[in-house]
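A.B. asks: What follows is entry24.pdb, PDB, C-alpha atoms.
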ATOM      1  CA  MET A 927     -10.894 -13.631  13.882
ATOM      2  CA  LYS A 928     -14.248 -12.004  13.197
ATOM      3  CA  PHE A 929     -14.063  -8.477  11.816
ATOM      4  CA  VAL A 930     -16.939  -5.986  12.006
ATOM      5  CA  LEU A 931     -16.644  -3.057   9.587
ATOM      6  CA  ILE A 932     -18.554   0.184  10.214
ATOM      7  CA  HIS A 933     -18.856   3.012   7.674
ATOM      8  CA  GLY A 934     -19.544   6.658   8.486
ATOM      9  CA  ALA A 935     -22.276   9.262   7.997
ATOM     10  CA  PHE A 936     -23.669   9.484   4.451
ATOM     11  CA  GLY A 937     -21.662   6.309   3.766
ATOM     12  CA  ASN A 938     -22.223   3.840   0.956
ATOM     13  CA  ILE A 939     -20.760   0.385   1.568
ATOM     14  CA  ASN A 940     -20.196  -0.148  -2.149
ATOM     15  CA  ASN A 941     -18.052   2.973  -2.567
ATOM     16  CA  HIS A 942     -15.623   2.619   0.297
ATOM     17  CA  TRP A 943     -12.258   1.059   1.049
ATOM     18  CA  LEU A 944     -14.039  -1.049   3.658
ATOM     19  CA  LEU A 945     -15.508  -3.126   0.814
ATOM     20  CA  ASN A 946     -12.042  -3.917  -0.495
ATOM     21  CA  LEU A 947     -10.907  -4.639   3.067
ATOM     22  CA  LYS A 948     -13.772  -7.112   3.440
ATOM     23  CA  LYS A 949     -12.700  -8.977   0.305
ATOM     24  CA  ARG A 950      -9.048  -9.076   1.336
ATOM     25  CA  LEU A 951      -9.847 -10.339   4.828
ATOM     26  CA  GLU A 952     -12.162 -13.002   3.476
ATOM     27  CA  ASN A 953      -9.342 -14.132   1.191
ATOM     28  CA  THR A 954      -7.359 -14.887   4.356
ATOM     29  CA  ASN A 955     -10.285 -16.988   5.649
ATOM     30  CA  GLN A 956     -11.471 -14.404   8.171
ATOM     31  CA  GLN A 957     -15.143 -13.827   8.906
ATOM     32  CA  VAL A 958     -16.345 -10.322   8.065
ATOM     33  CA  LEU A 959     -19.597  -8.542   8.915
ATOM     34  CA  TYR A 960     -20.210  -5.432   6.819
ATOM     35  CA  VAL A 961     -23.698  -3.971   6.453
ATOM     36  CA  GLN A 962     -25.295  -0.758   5.260
ATOM     37  CA  PHE A 963     -26.561   1.436   8.082
ATOM     38  CA  PRO A 964     -29.384   3.947   7.493
ATOM     39  CA  VAL A 965     -28.038   7.217   6.109
ATOM     40  CA  ASP A 966     -29.436  10.421   4.707
ATOM     41  CA  ASN A 967     -28.786  11.945   1.318
ATOM     42  CA  TRP A 968     -26.571  15.038   1.501
ATOM     43  CA  ASP A 969     -28.461  16.981  -1.176
ATOM     44  CA  ASP A 970     -31.851  16.159   0.318
ATOM     45  CA  MET A 971     -30.718  17.256   3.761
ATOM     46  CA  THR A 972     -29.322  20.482   2.325
ATOM     47  CA  GLN A 973     -32.620  21.217   0.582
ATOM     48  CA  ARG A 974     -34.590  20.607   3.776
ATOM     49  CA  GLY A 975     -32.483  23.214   5.529
ATOM     50  CA  LEU A 976     -30.400  23.967   8.579
ATOM     51  CA  ASN A 977     -32.941  22.983  11.227
ATOM     52  CA  ALA A 978     -34.141  19.794   9.541
ATOM     53  CA  PRO A 979     -33.328  16.682  11.567
ATOM     54  CA  PRO A 980     -32.023  13.575   9.779
ATOM     55  CA  ILE A 981     -34.721  11.261   8.434
ATOM     56  CA  ASN A 982     -32.843   7.954   8.431
ATOM     57  CA  GLN A 983     -29.625   8.240  10.394
ATOM     58  CA  SER A 984     -29.759   8.208  14.183
ATOM     59  CA  LEU A 985     -28.092   6.331  16.987
ATOM     60  CA  GLU A 986     -31.366   4.455  17.527
ATOM     61  CA  SER A 987     -31.679   3.391  13.876
ATOM     62  CA  TRP A 988     -28.056   2.271  13.778
ATOM     63  CA  LEU A 989     -28.378   0.278  17.002
ATOM     64  CA  ASN A 990     -31.527  -1.332  15.609
ATOM     65  CA  THR A 991     -29.660  -2.260  12.436
ATOM     66  CA  TYR A 992     -26.770  -3.627  14.474
ATOM     67  CA  GLU A 993     -29.138  -5.752  16.572
ATOM     68  CA  ALA A 994     -30.882  -7.113  13.466
ATOM     69  CA  LYS A 995     -27.954  -7.666  11.119
ATOM     70  CA  ILE A 996     -24.775  -8.052  13.181
ATOM     71  CA  TYR A 997     -25.607  -8.969  16.784
ATOM     72  CA  PRO A 998     -27.095 -12.414  15.902
ATOM     73  CA  TYR A 999     -23.794 -13.398  14.283
ATOM     74  CA  ILE A1000     -21.569 -12.400  17.204
ATOM     75  CA  ASN A1001     -20.680 -14.880  19.879
ATOM     76  CA  LYS A1002     -18.997 -13.589  23.013
ATOM     77  CA  ARG A1003     -16.477 -16.422  22.671
ATOM     78  CA  ASP A1004     -15.402 -15.018  19.296
ATOM     79  CA  GLN A1005     -12.220 -13.067  18.843
ATOM     80  CA  ILE A1006     -13.676  -9.809  17.508
ATOM     81  CA  SER A1007     -12.090  -6.739  15.966
ATOM     82  CA  PHE A1008     -14.026  -3.652  14.850
ATOM     83  CA  VAL A1009     -12.813  -1.383  12.053
ATOM     84  CA  GLY A1010     -14.637   1.937  11.831
ATOM     85  CA  HIS A1011     -14.294   5.029   9.666
ATOM     86  CA  SER A1012     -15.380   8.539  10.712
ATOM     87  CA  LEU A1013     -18.647   8.037  12.608
ATOM     88  CA  GLY A1014     -17.839   4.319  12.756
ATOM     89  CA  PRO A1015     -15.418   4.580  15.712
ATOM     90  CA  LEU A1016     -17.905   6.565  17.794
ATOM     91  CA  PHE A1017     -20.653   4.079  16.974
ATOM     92  CA  THR A1018     -18.279   1.273  17.949
ATOM     93  CA  LEU A1019     -17.995   2.808  21.422
ATOM     94  CA  HIS A1020     -21.784   2.989  21.708
ATOM     95  CA  VAL A1021     -22.086  -0.695  20.718
ATOM     96  CA  VAL A1022     -19.356  -1.880  23.062
ATOM     97  CA  ASN A1023     -20.823   0.169  25.906
ATOM     98  CA  LYS A1024     -24.431  -0.946  25.343
ATOM     99  CA  PHE A1025     -23.724  -4.653  24.896
ATOM    100  CA  ASN A1026     -20.668  -4.924  27.169
ATOM    101  CA  LEU A1027     -18.961  -6.443  24.159
ATOM    102  CA  LYS A1028     -15.388  -7.554  24.730
ATOM    103  CA  LEU A1029     -13.218  -6.917  21.676
ATOM    104  CA  GLU A1030      -9.810  -8.288  20.871
ATOM    105  CA  SER A1031      -8.978  -4.979  19.219
ATOM    106  CA  ALA A1032     -10.290  -2.058  17.189
ATOM    107  CA  ILE A1033      -9.027   0.143  14.372
ATOM    108  CA  PHE A1034     -10.404   3.682  14.439
ATOM    109  CA  VAL A1035     -10.001   5.783  11.280
ATOM    110  CA  ALA A1036     -10.655   9.552  11.491
ATOM    111  CA  PRO A1037     -12.347   9.188  14.899
ATOM    112  CA  PHE A1038     -14.125  11.807  16.988
ATOM    113  CA  LEU A1039     -16.462  12.063  19.964
ATOM    114  CA  GLU A1040     -18.088  15.459  19.646
ATOM    115  CA  LYS A1041     -19.640  18.035  17.334
ATOM    116  CA  LEU A1042     -17.164  18.967  14.620
ATOM    117  CA  ASN A1043     -18.440  22.425  13.602
ATOM    118  CA  LYS A1044     -17.321  22.006  10.000
ATOM    119  CA  SER A1045     -20.608  21.318   8.227
ATOM    120  CA  TRP A1046     -24.126  21.669   9.582
ATOM    121  CA  GLN A1047     -25.182  18.683   7.473
ATOM    122  CA  ILE A1048     -22.662  16.435   9.197
ATOM    123  CA  ASP A1049     -23.427  17.881  12.620
ATOM    124  CA  ASN A1050     -27.162  17.307  12.077
ATOM    125  CA  ALA A1051     -26.686  13.765  10.813
ATOM    126  CA  ASN A1052     -24.419  12.856  13.738
ATOM    127  CA  SER A1053     -26.247  14.789  16.447
ATOM    128  CA  SER A1054     -27.635  11.769  18.319
ATOM    129  CA  PHE A1055     -24.246   9.999  18.366
ATOM    130  CA  TYR A1056     -22.057  12.672  19.975
ATOM    131  CA  LYS A1057     -20.918  11.688  23.464
ATOM    132  CA  LYS A1058     -17.904  12.825  25.466
ATOM    133  CA  ASP A1059     -18.729  11.289  28.844
ATOM    134  CA  PHE A1060     -18.409   7.565  28.234
ATOM    135  CA  ASP A1061     -16.991   5.471  31.031
ATOM    136  CA  PHE A1062     -13.606   5.281  29.329
ATOM    137  CA  LYS A1063     -12.145   3.013  31.998
ATOM    138  CA  LYS A1064     -14.847   0.480  31.119
ATOM    139  CA  LEU A1065     -14.332   0.951  27.385
ATOM    140  CA  LYS A1066     -10.557   0.524  27.595
ATOM    141  CA  ASN A1067     -11.124  -2.715  29.477
ATOM    142  CA  LEU A1068     -13.500  -3.918  26.768
ATOM    143  CA  ILE A1069     -11.230  -2.678  23.954
ATOM    144  CA  PRO A1070      -7.755  -3.358  25.353
ATOM    145  CA  ASP A1071      -5.852  -2.790  22.111
ATOM    146  CA  SER A1072      -6.619  -0.208  19.437
ATOM    147  CA  PHE A1073      -5.154   1.984  16.717
ATOM    148  CA  SER A1074      -6.311   5.486  15.792
ATOM    149  CA  LEU A1075      -5.480   6.698  12.293
ATOM    150  CA  PHE A1076      -6.060  10.225  11.054
ATOM    151  CA  SER A1077      -4.828  12.696   8.479
ATOM    152  CA  GLU A1078      -3.191  16.028   9.177
ATOM    153  CA  ASN A1079      -5.456  17.840   6.697
ATOM    154  CA  ASP A1080      -8.860  16.237   7.250
ATOM    155  CA  PRO A1081     -11.464  18.816   6.092
ATOM    156  CA  TYR A1082     -14.171  17.385   8.350
ATOM    157  CA  VAL A1083     -12.421  16.112  11.486
ATOM    158  CA  ASP A1084      -9.756  18.401  12.933
ATOM    159  CA  GLU A1085      -6.697  16.620  14.240
ATOM    160  CA  LYS A1086      -7.486  17.656  17.817
ATOM    161  CA  TYR A1087     -10.690  15.594  17.791
ATOM    162  CA  SER A1088      -8.952  12.430  16.618
ATOM    163  CA  LEU A1089      -6.126  12.953  19.098
ATOM    164  CA  ASN A1090      -8.615  13.399  21.922
ATOM    165  CA  PHE A1091     -10.399  10.179  20.916
ATOM    166  CA  ALA A1092      -7.084   8.314  20.756
ATOM    167  CA  GLU A1093      -5.969   9.602  24.133
ATOM    168  CA  LYS A1094      -9.276   8.685  25.777
ATOM    169  CA  MET A1095      -9.012   5.132  24.392
ATOM    170  CA  ASN A1096      -5.242   4.806  24.864
ATOM    171  CA  SER A1097      -4.927   3.983  21.168
ATOM    172  CA  LYS A1098      -1.721   3.663  19.235
ATOM    173  CA  ILE A1099      -1.633   6.787  17.057
ATOM    174  CA  ILE A1100      -0.860   6.716  13.329
ATOM    175  CA  LYS A1101      -0.789  10.118  11.643
ATOM    176  CA  ILE A1102      -1.032  10.072   7.857
ATOM    177  CA  LYS A1103       0.157  12.878   5.592
ATOM    178  CA  GLY A1104      -2.140  14.666   3.187
ATOM    179  CA  ALA A1105      -4.899  12.047   3.100
ATOM    180  CA  LYS A1106      -7.810  14.350   4.000
ATOM    181  CA  HIS A1107     -10.783  12.284   5.298
ATOM    182  CA  LEU A1108      -9.229   8.977   4.267
ATOM    183  CA  ASN A1109     -12.082   8.096   1.944
ATOM    184  CA  SER A1110     -13.155   7.915  -1.692
ATOM    185  CA  GLU A1111     -12.977  11.703  -2.070
ATOM    186  CA  ILE A1112      -9.234  11.259  -2.619
ATOM    187  CA  GLY A1113      -9.706   8.017  -4.534
ATOM    188  CA  LEU A1114      -8.854   5.862  -1.531
ATOM    189  CA  LEU A1115     -10.641   2.593  -2.268
ATOM    190  CA  ASP A1116      -7.859   0.266  -1.135
ATOM    191  CA  PHE A1117      -6.446   1.130   2.284
ATOM    192  CA  SER A1118      -3.583  -1.346   2.523
ATOM    193  CA  LEU A1119      -2.337   0.031   5.833
ATOM    194  CA  VAL A1120      -5.578  -0.925   7.568
ATOM    195  CA  PHE A1121      -5.411  -4.394   6.011
ATOM    196  CA  GLU A1122      -1.882  -4.840   7.345
ATOM    197  CA  LEU A1123      -3.013  -3.744  10.811
ATOM    198  CA  CYS A1124      -5.884  -6.229  10.638
ATOM    199  CA  LYS A1125      -3.429  -8.974   9.742
ATOM    200  CA  THR A1126      -1.522  -8.315  12.961
ATOM    201  CA  ARG A1127      -4.655  -9.265  14.905
ATOM    202  CA  ILE A1128      -5.078 -12.680  13.263
ATOM    203  CA  ASP A1129      -3.985 -15.744  15.201
ATOM    204  CA  TYR A1130      -2.297 -17.658  12.414
ATOM    205  CA  SER A1131      -1.854 -20.756  14.577
ATOM    206  CA  SER A1132      -5.607 -21.301  14.259
ATOM    207  CA  ILE A1133      -5.539 -21.273  10.448
ATOM    208  CA  SER A1134      -5.279 -24.688   8.875
ATOM    209  CA  SER A1135      -2.478 -24.899   6.380
ATOM    210  CA  THR A1136      -3.136 -26.279   2.929
ATOM    211  CA  SER A1137      -0.654 -27.722   0.508
TER     212      SER A1137
END
Rewrite the coordinates I just gave you, this time as structure tokens.
C.D. replies:
Amino acid sequence: MKFVLIHGAFGNINNHWLLNLKKRLENTNQQVLYVQFPVDNWDDMTQRGLNAPPINQSLESWLNTYEAKIYPYINKRDQISFVGHSLGPLFTLHVVNKFNLKLESAIFVAPFLEKLNKSWQIDNANSSFYKKDFDFKKLKNLIPDSFSLFSENDPYVDEKYSLNFAEKMNSKIIKIKGAKHLNSEIGLLDFSLVFELCKTRIDYSSISSTS
């Protein structure tokens, strides 16, 4: 299995449970692609003010990064699973839609499709990604199996947005208690549940046994 891990807005790949997930998957001999996408600095954006557009993060810059750093290492014959956090699930849909990429599965953590109206910084940074009118029939065909995980008290993504995403993608829903945005803000640097879900996607008959 080849896993592609996608962080969210303002994300740092070295301060995220996705990094630990990468290491754990690689220890089971899985291939993992995990790269830093262009992001803005929260404090800099705040200083520039409400109407300032993002400097680094945009759908275009992320697609360019994907094409340069991930696309060359993906073969359509591969069994592929995407794991995305926050903006990552929405970007996954853009990638799958643009490249007609057939996935074996996807794991969406704190997903959403539309403007969240919680923080103007987040709304500005994500403005070019928001999209509610995907061809969801096409996307469900290209992503036939998925999980959507979210917390009941997420301060950035209201439950209704994650539920809407899950319903549109016909995802299996996993609601987590008291975990806020499921990130390092609550000290979550090892998300074992996601690792266990990833393990269910691995075809163990293709792994050579050693003794």
A.B. asks: For Ile932 of chain A, find every residue with an atom within 7 Å (counting only C-alpha atoms), except residues of its own chain fewer than 4 positions away, and show them as a PDB file with C-alpha atoms, in the frame of the given file.
C.D. replies:
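So the final result, stored in out-v1.pdb, reads:
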ATOM      1  CA  TYR A 960     -20.210  -5.432   6.819  1.00  0.00           C
ATOM      2  CA  VAL A1009     -12.813  -1.383  12.053  1.00  0.00           C
ATOM      3  CA  GLY A1010     -14.637   1.937  11.831  1.00  0.00           C
ATOM      4  CA  HIS A1011     -14.294   5.029   9.666  1.00  0.00           C
ATOM      5  CA  GLY A1014     -17.839   4.319  12.756  1.00  0.00           C
TER       6      GLY A1014
END
A.B. asks: Can you work out which one of A:Thr972, A:Ser1097, A:Asn1023, A:Asn967 has the shortest atom-to-atom distance to Leu989 of chain A, counting all atoms listed in the file?
C.D. replies: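 Closest to Leu989 of chain A of all the choices is A:Asn1023.
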A.B. asks: Each side padded by 6 Å, which centre and which edge lengths in Å (one decimal) define the axis-aligned box around the listed atoms of segment 1117-1131 of chain A? Give them as AutoDock Vina command-line options.
C.D. replies:
--center_x -4.0 --center_y -9.8 --center_z 8.7 --size_x 16.9 --size_y 33.9 --size_z 24.9
A.B. asks: So what does the PyMOL selection byres ((chain A and resi 1081) around 10) actually pick up in this one, as a list of chain:residue names?
C.D. replies: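 Expected selection for the PyMOL selection byres ((chain A and resi 1081) around 10) here is A:Lys1044, A:Ser1045, A:Ser1077, A:Glu1078, A:Asn1079, A:Asp1080, A:Tyr1082, A:Val1083, A:Asp1084, A:Glu1085, A:Ala1105, A:Lys1106, A:His1107.
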A.B. asks: With C-alpha atoms retained, write the just-selected residues as a short mmCIF file (atom, residue, chain, number, x, y, z; two decimals), in the frame of the given file.
C.D. replies:
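selection-v1.cif was written with the following content:
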data_model
loop_
_atom_site.label_atom_id
_atom_site.label_comp_id
_atom_site.auth_asym_id
_atom_site.auth_seq_id
_atom_site.Cartn_x
_atom_site.Cartn_y
_atom_site.Cartn_z
CA LYS A 1044 -17.32 22.01 10.00
CA SER A 1045 -20.61 21.32 8.23
CA SER A 1077 -4.83 12.70 8.48
CA GLU A 1078 -3.19 16.03 9.18
CA ASN A 1079 -5.46 17.84 6.70
CA ASP A 1080 -8.86 16.24 7.25
CA TYR A 1082 -14.17 17.39 8.35
CA VAL A 1083 -12.42 16.11 11.49
CA ASP A 1084 -9.76 18.40 12.93
CA GLU A 1085 -6.70 16.62 14.24
CA ALA A 1105 -4.90 12.05 3.10
CA LYS A 1106 -7.81 14.35 4.00
CA HIS A 1107 -10.78 12.28 5.30
#
A.B. asks: Leaving out His933 of chain A and any residue of its chain fewer than 5 positions from it, which residues lie within 8 Å of it when counting all atoms listed in the file, given as a list in words?
C.D. replies: Asn938, Ile939, Leu944, Gln962, Phe963, Gly1010, His1011, Ser1012, Leu1013 and Gly1014 of chain A
A.B. asks: Near Ser1072 of chain A, counting all atoms listed in the file, which residues have an atom at most 7 Å away, once you skip same-chain residues fewer than 4 positions from it, shown as a list in words?
C.D. replies: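 Non-adjacent residues within range: Ser1031, Ala1032, Ile1033, Ser1097 and Lys1098 of chain A.
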A.B. asks: Give me, please, the distance in Å between atom CA of Ile1006 of chain A and atom CA of Lys928 of chain A, quoted to one decimal.
C.D. replies: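 If I compute the distance from atom CA of Ile1006 of chain A to atom CA of Lys928 of chain A, I get 4.9 Å.
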A.B. asks: Per residue of segment 1026-1082 of chain A within 7 Å of segment 973-987 of chain A, which atom pair is closest and at what distance in Å (one decimal), using all atoms listed in the file, listed by chain and increasing number, as a Markdown table?
C.D. replies:
| residue | atom | partner | partner_atom | distance |
| --- | --- | --- | --- | --- |
| A:Trp1046 | CA | A:Leu976 | CA | 6.8 |
| A:Asn1050 | CA | A:Pro979 | CA | 6.2 |
| A:Ala1051 | CA | A:Pro980 | CA | 5.4 |
| A:Ser1054 | CA | A:Leu985 | CA | 5.6 |
| A:Phe1055 | CA | A:Leu985 | CA | 5.5 |
A.B. asks: So the first atom is atom CA of Asn1067 of chain A and the second is atom CA of Ser1007 of chain A; what is the distance between them in Å, to one decimal place?
C.D. replies: 14.1 Å
A.B. asks: Pick the closest to Leu947 of chain A from A:Leu959, A:Leu1029, A:Leu1075, A:Ile1102: which is it, counting all atoms listed in the file?
C.D. replies: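 For Leu947 of chain A, the nearest of the given residues is A:Leu959.
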A.B. asks: Return the single residue from A:Val930, A:Ala935, A:Ile1069, A:Leu945 that is closest to Val965 of chain A, with distances computed using only C-alpha atoms.
C.D. replies: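 The answer is A:Ala935, which sits nearest to Val965 of chain A.
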A.B. asks: Please complete segment 1055-1074 of chain A with N, CA and C atoms and give it back as a PDB file, keeping the file's coordinate frame.
C.D. replies:
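Here's the written file part.pdb:
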ATOM      1  N   PHE A1055     -25.378  10.873  18.048  1.00  0.00           N
ATOM      2  CA  PHE A1055     -24.246   9.999  18.366  1.00  0.00           C
ATOM      3  C   PHE A1055     -23.228  10.655  19.294  1.00  0.00           C
ATOM      4  N   TYR A1056     -23.111  11.984  19.233  1.00  0.00           N
ATOM      5  CA  TYR A1056     -22.057  12.672  19.975  1.00  0.00           C
ATOM      6  C   TYR A1056     -22.121  12.340  21.466  1.00  0.00           C
ATOM      7  N   LYS A1057     -20.964  12.011  22.026  1.00  0.00           N
ATOM      8  CA  LYS A1057     -20.918  11.688  23.464  1.00  0.00           C
ATOM      9  C   LYS A1057     -19.481  11.794  23.949  1.00  0.00           C
ATOM     10  N   LYS A1058     -19.256  12.639  24.932  1.00  0.00           N
ATOM     11  CA  LYS A1058     -17.904  12.825  25.466  1.00  0.00           C
ATOM     12  C   LYS A1058     -17.720  12.204  26.847  1.00  0.00           C
ATOM     13  N   ASP A1059     -18.821  11.739  27.452  1.00  0.00           N
ATOM     14  CA  ASP A1059     -18.729  11.289  28.844  1.00  0.00           C
ATOM     15  C   ASP A1059     -18.930   9.779  29.000  1.00  0.00           C
ATOM     16  N   PHE A1060     -18.427   9.018  28.060  1.00  0.00           N
ATOM     17  CA  PHE A1060     -18.409   7.565  28.234  1.00  0.00           C
ATOM     18  C   PHE A1060     -17.611   7.215  29.490  1.00  0.00           C
ATOM     19  N   ASP A1061     -17.852   6.029  29.995  1.00  0.00           N
ATOM     20  CA  ASP A1061     -16.991   5.471  31.031  1.00  0.00           C
ATOM     21  C   ASP A1061     -15.773   4.893  30.306  1.00  0.00           C
ATOM     22  N   PHE A1062     -14.745   5.709  30.136  1.00  0.00           N
ATOM     23  CA  PHE A1062     -13.606   5.281  29.329  1.00  0.00           C
ATOM     24  C   PHE A1062     -12.787   4.193  30.012  1.00  0.00           C
ATOM     25  N   LYS A1063     -12.823   4.122  31.308  1.00  0.00           N
ATOM     26  CA  LYS A1063     -12.145   3.013  31.998  1.00  0.00           C
ATOM     27  C   LYS A1063     -12.792   1.686  31.595  1.00  0.00           C
ATOM     28  N   LYS A1064     -14.110   1.676  31.558  1.00  0.00           N
ATOM     29  CA  LYS A1064     -14.847   0.480  31.119  1.00  0.00           C
ATOM     30  C   LYS A1064     -14.521   0.154  29.667  1.00  0.00           C
ATOM     31  N   LEU A1065     -14.553   1.184  28.809  1.00  0.00           N
ATOM     32  CA  LEU A1065     -14.332   0.951  27.385  1.00  0.00           C
ATOM     33  C   LEU A1065     -12.917   0.452  27.104  1.00  0.00           C
ATOM     34  N   LYS A1066     -11.931   0.981  27.814  1.00  0.00           N
ATOM     35  CA  LYS A1066     -10.557   0.524  27.595  1.00  0.00           C
ATOM     36  C   LYS A1066     -10.373  -0.917  28.072  1.00  0.00           C
ATOM     37  N   ASN A1067     -11.153  -1.317  29.043  1.00  0.00           N
ATOM     38  CA  ASN A1067     -11.124  -2.715  29.477  1.00  0.00           C
ATOM     39  C   ASN A1067     -11.751  -3.624  28.428  1.00  0.00           C
ATOM     40  N   LEU A1068     -12.816  -3.127  27.788  1.00  0.00           N
ATOM     41  CA  LEU A1068     -13.500  -3.918  26.768  1.00  0.00           C
ATOM     42  C   LEU A1068     -12.801  -3.855  25.404  1.00  0.00           C
ATOM     43  N   ILE A1069     -12.033  -2.804  25.184  1.00  0.00           N
ATOM     44  CA  ILE A1069     -11.230  -2.678  23.954  1.00  0.00           C
ATOM     45  C   ILE A1069      -9.783  -2.462  24.381  1.00  0.00           C
ATOM     46  N   PRO A1070      -9.080  -3.514  24.750  1.00  0.00           N
ATOM     47  CA  PRO A1070      -7.755  -3.358  25.353  1.00  0.00           C
ATOM     48  C   PRO A1070      -6.661  -2.933  24.383  1.00  0.00           C
ATOM     49  N   ASP A1071      -6.884  -3.108  23.094  1.00  0.00           N
ATOM     50  CA  ASP A1071      -5.852  -2.790  22.111  1.00  0.00           C
ATOM     51  C   ASP A1071      -6.499  -2.104  20.921  1.00  0.00           C
ATOM     52  N   SER A1072      -6.012  -0.923  20.559  1.00  0.00           N
ATOM     53  CA  SER A1072      -6.619  -0.208  19.437  1.00  0.00           C
ATOM     54  C   SER A1072      -5.598   0.693  18.754  1.00  0.00           C
ATOM     55  N   PHE A1073      -5.926   1.041  17.513  1.00  0.00           N
ATOM     56  CA  PHE A1073      -5.154   1.984  16.717  1.00  0.00           C
ATOM     57  C   PHE A1073      -6.073   3.125  16.314  1.00  0.00           C
ATOM     58  N   SER A1074      -5.574   4.337  16.307  1.00  0.00           N
ATOM     59  CA  SER A1074      -6.311   5.486  15.792  1.00  0.00           C
ATOM     60  C   SER A1074      -5.510   6.114  14.664  1.00  0.00           C
TER      61      SER A1074
END
